[in-house]
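Undergrad: Submitted below is the structure of interest, expressed as structure tokens.
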Amino acid sequence: MSAAPTGGNSYNVEYIVIDDKDWVKEIWKLAYSKMESDAKKHIYTNSFSDFYYSKMKQSEKTVRKDDLLFCGAPHLFIAHEKCAGKWAEDSKVNCNLATAYFELLANAFGLGTVIMSYPAEVLQELAPKAKEMLNIPQDHYMKLIVGFGYPEIPYARDVQKDRG
């Protein structure tokens, strides 16, 4: 990850890797319960509404493994960086690039990944206590969370081409 590019070669991105399934579960419990209680009052993250939340809840029974937030991922990766002042936009790009690099690195080692933006919004906007558990300062940008682990279903990661 130290090779991930950053704007102005600042290298200020910080990483959190949670490989403890119990810790993932604790964060999930806090964030999920807050998300659910707010949804009952029609309070959502900035990008959600009743319509989108109901669609996500439907998918929770099929593709999301009864887990609207982390999609059943046993481990989490979060890139975050202080995002303030003149170079704030660079901080956002830096974190997103680091996330992409982590996904490629994980896939290269045979791990499955899922990049999730909604859980980051929940931690940022609805459940700041869960974000505190991760020791991520309030002024840090965190928009994507990568769930990772050994994949349940093997599949080709790239486009299958006929090289005839």
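Residue numbering restarts at 1 in every chain; chains get A, B, ... in the order shown in the structure tokens, and ligands count up from 1 in that same order.
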Write out as a tab-separated table a residue-level contact list of stretch 10-87 of chain A versus stretch 125-129 of chain A with cut-off 12 Å: for each qualifying residue the closest pair of atoms and the distance in Å to one decimal, counting only C-alpha atoms, rows sorted by chain and residue number upward.
TA:
```
residue	atom	partner	partner_atom	distance
A:Glu26	CA	A:Lys129	CA	11.3
A:Ile27	CA	A:Lys129	CA	9.0
A:Trp28	CA	A:Ala127	CA	10.2
A:Lys29	CA	A:Ala127	CA	10.6
A:Leu30	CA	A:Ala127	CA	7.3
A:Ala31	CA	A:Ala127	CA	5.4
A:Tyr32	CA	A:Ala127	CA	8.6
A:Ser33	CA	A:Ala127	CA	9.1
A:Lys34	CA	A:Ala127	CA	6.2
A:Met35	CA	A:Leu126	CA	6.6
A:Glu36	CA	A:Leu126	CA	10.2
A:Ser37	CA	A:Leu126	CA	10.1
A:Asp38	CA	A:Leu126	CA	7.9
A:Ala39	CA	A:Leu126	CA	10.2
A:Ile43	CA	A:Leu126	CA	8.7
A:Tyr44	CA	A:Leu126	CA	7.7
A:Thr45	CA	A:Glu125	CA	6.1
A:Asn46	CA	A:Glu125	CA	7.8
A:Ser47	CA	A:Glu125	CA	10.5
A:Phe48	CA	A:Glu125	CA	11.4
```
Undergrad: How would the residues just chosen look if you wrote them out with N, CA and C atoms as a CSV table (one decimal), in the first residue's frame?
TA:
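Once everything was written out, this is out25.csv:
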```
chain,number,residue,atom,x,y,z
A,26,GLU,N,-19.1,-6.0,16.3
A,26,GLU,CA,-19.4,-4.9,17.2
A,26,GLU,C,-19.7,-3.6,16.5
A,27,ILE,N,-18.9,-3.3,15.5
A,27,ILE,CA,-19.1,-2.1,14.7
A,27,ILE,C,-20.4,-2.2,14.0
A,28,TRP,N,-20.7,-3.4,13.4
A,28,TRP,CA,-21.9,-3.7,12.7
A,28,TRP,C,-23.1,-3.5,13.6
A,29,LYS,N,-23.1,-4.1,14.8
A,29,LYS,CA,-24.2,-4.0,15.7
A,29,LYS,C,-24.6,-2.5,16.0
A,30,LEU,N,-23.6,-1.7,16.3
A,30,LEU,CA,-23.8,-0.3,16.6
A,30,LEU,C,-24.4,0.4,15.4
A,31,ALA,N,-23.7,0.3,14.3
A,31,ALA,CA,-24.1,1.0,13.1
A,31,ALA,C,-25.5,0.5,12.6
A,32,TYR,N,-25.7,-0.8,12.5
A,32,TYR,CA,-26.9,-1.4,12.0
A,32,TYR,C,-28.1,-1.0,12.8
A,33,SER,N,-28.0,-1.0,14.1
A,33,SER,CA,-29.1,-0.7,15.0
A,33,SER,C,-29.5,0.8,14.8
A,34,LYS,N,-28.5,1.7,14.7
A,34,LYS,CA,-28.8,3.1,14.5
A,34,LYS,C,-29.4,3.4,13.2
A,35,MET,N,-28.9,2.7,12.1
A,35,MET,CA,-29.4,2.8,10.8
A,35,MET,C,-30.9,2.4,10.8
A,36,GLU,N,-31.2,1.3,11.4
A,36,GLU,CA,-32.6,0.7,11.4
A,36,GLU,C,-33.5,1.7,12.2
A,37,SER,N,-33.1,2.1,13.4
A,37,SER,CA,-34.0,3.0,14.2
A,37,SER,C,-34.2,4.3,13.4
A,38,ASP,N,-33.2,4.9,12.8
A,38,ASP,CA,-33.4,6.1,12.0
A,38,ASP,C,-34.3,5.9,10.8
A,39,ALA,N,-34.2,4.7,10.1
A,39,ALA,CA,-35.0,4.4,9.0
A,39,ALA,C,-36.5,4.4,9.4
A,43,ILE,N,-35.3,8.7,8.4
A,43,ILE,CA,-34.0,9.5,8.5
A,43,ILE,C,-33.0,8.6,7.8
A,44,TYR,N,-32.3,9.1,6.7
A,44,TYR,CA,-31.4,8.3,6.0
A,44,TYR,C,-30.1,9.1,5.8
A,45,THR,N,-29.1,8.5,5.2
A,45,THR,CA,-27.9,9.2,4.8
A,45,THR,C,-28.3,10.1,3.7
A,46,ASN,N,-27.3,11.0,3.4
A,46,ASN,CA,-27.6,12.1,2.3
A,46,ASN,C,-28.0,11.5,1.0
A,47,SER,N,-27.5,10.3,0.6
A,47,SER,CA,-27.7,9.7,-0.7
A,47,SER,C,-28.9,8.8,-0.7
A,48,PHE,N,-29.6,8.6,0.4
A,48,PHE,CA,-30.7,7.6,0.5
A,48,PHE,C,-32.0,8.3,0.7
```
Undergrad: Kindly indicate which residue among A:Asp66, A:Asp139, A:Glu103, A:Asp50 lies nearest to A:Ala4, using only C-alpha atoms for the distances.
TA: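 For A:Ala4, the nearest of the candidates is A:Glu103.
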Undergrad: Near A:Phe77, within 9 Å and counting only C-alpha atoms, which residues show up once chain neighbours fewer than 5 positions away are dropped, as a PyMOL selection string?
TA: chain A and resi 15-19+99+102+144-148
Undergrad: What is the distance between atom CA of A:Lys25 and atom CA of A:Glu60, in Å to one decimal?
TA: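 Atom-to-atom, atom CA of A:Lys25 to atom CA of A:Glu60, that is 16.6 Å.
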Undergrad: Please report, as an NGL selection string, each residue of stretch 11-164 of chain A to which DSSP assigns strand (DSSP E) when run on this structure's backbone.
TA: :A and (14-18 or 75-82 or 112-116 or 140-141 or 145-149)
Undergrad: Of the candidates A:Val24, A:Ala73, A:Leu68, A:Met56, which one gets nearest to A:Val114 if we count only C-alpha atoms?
TA: A:Ala73
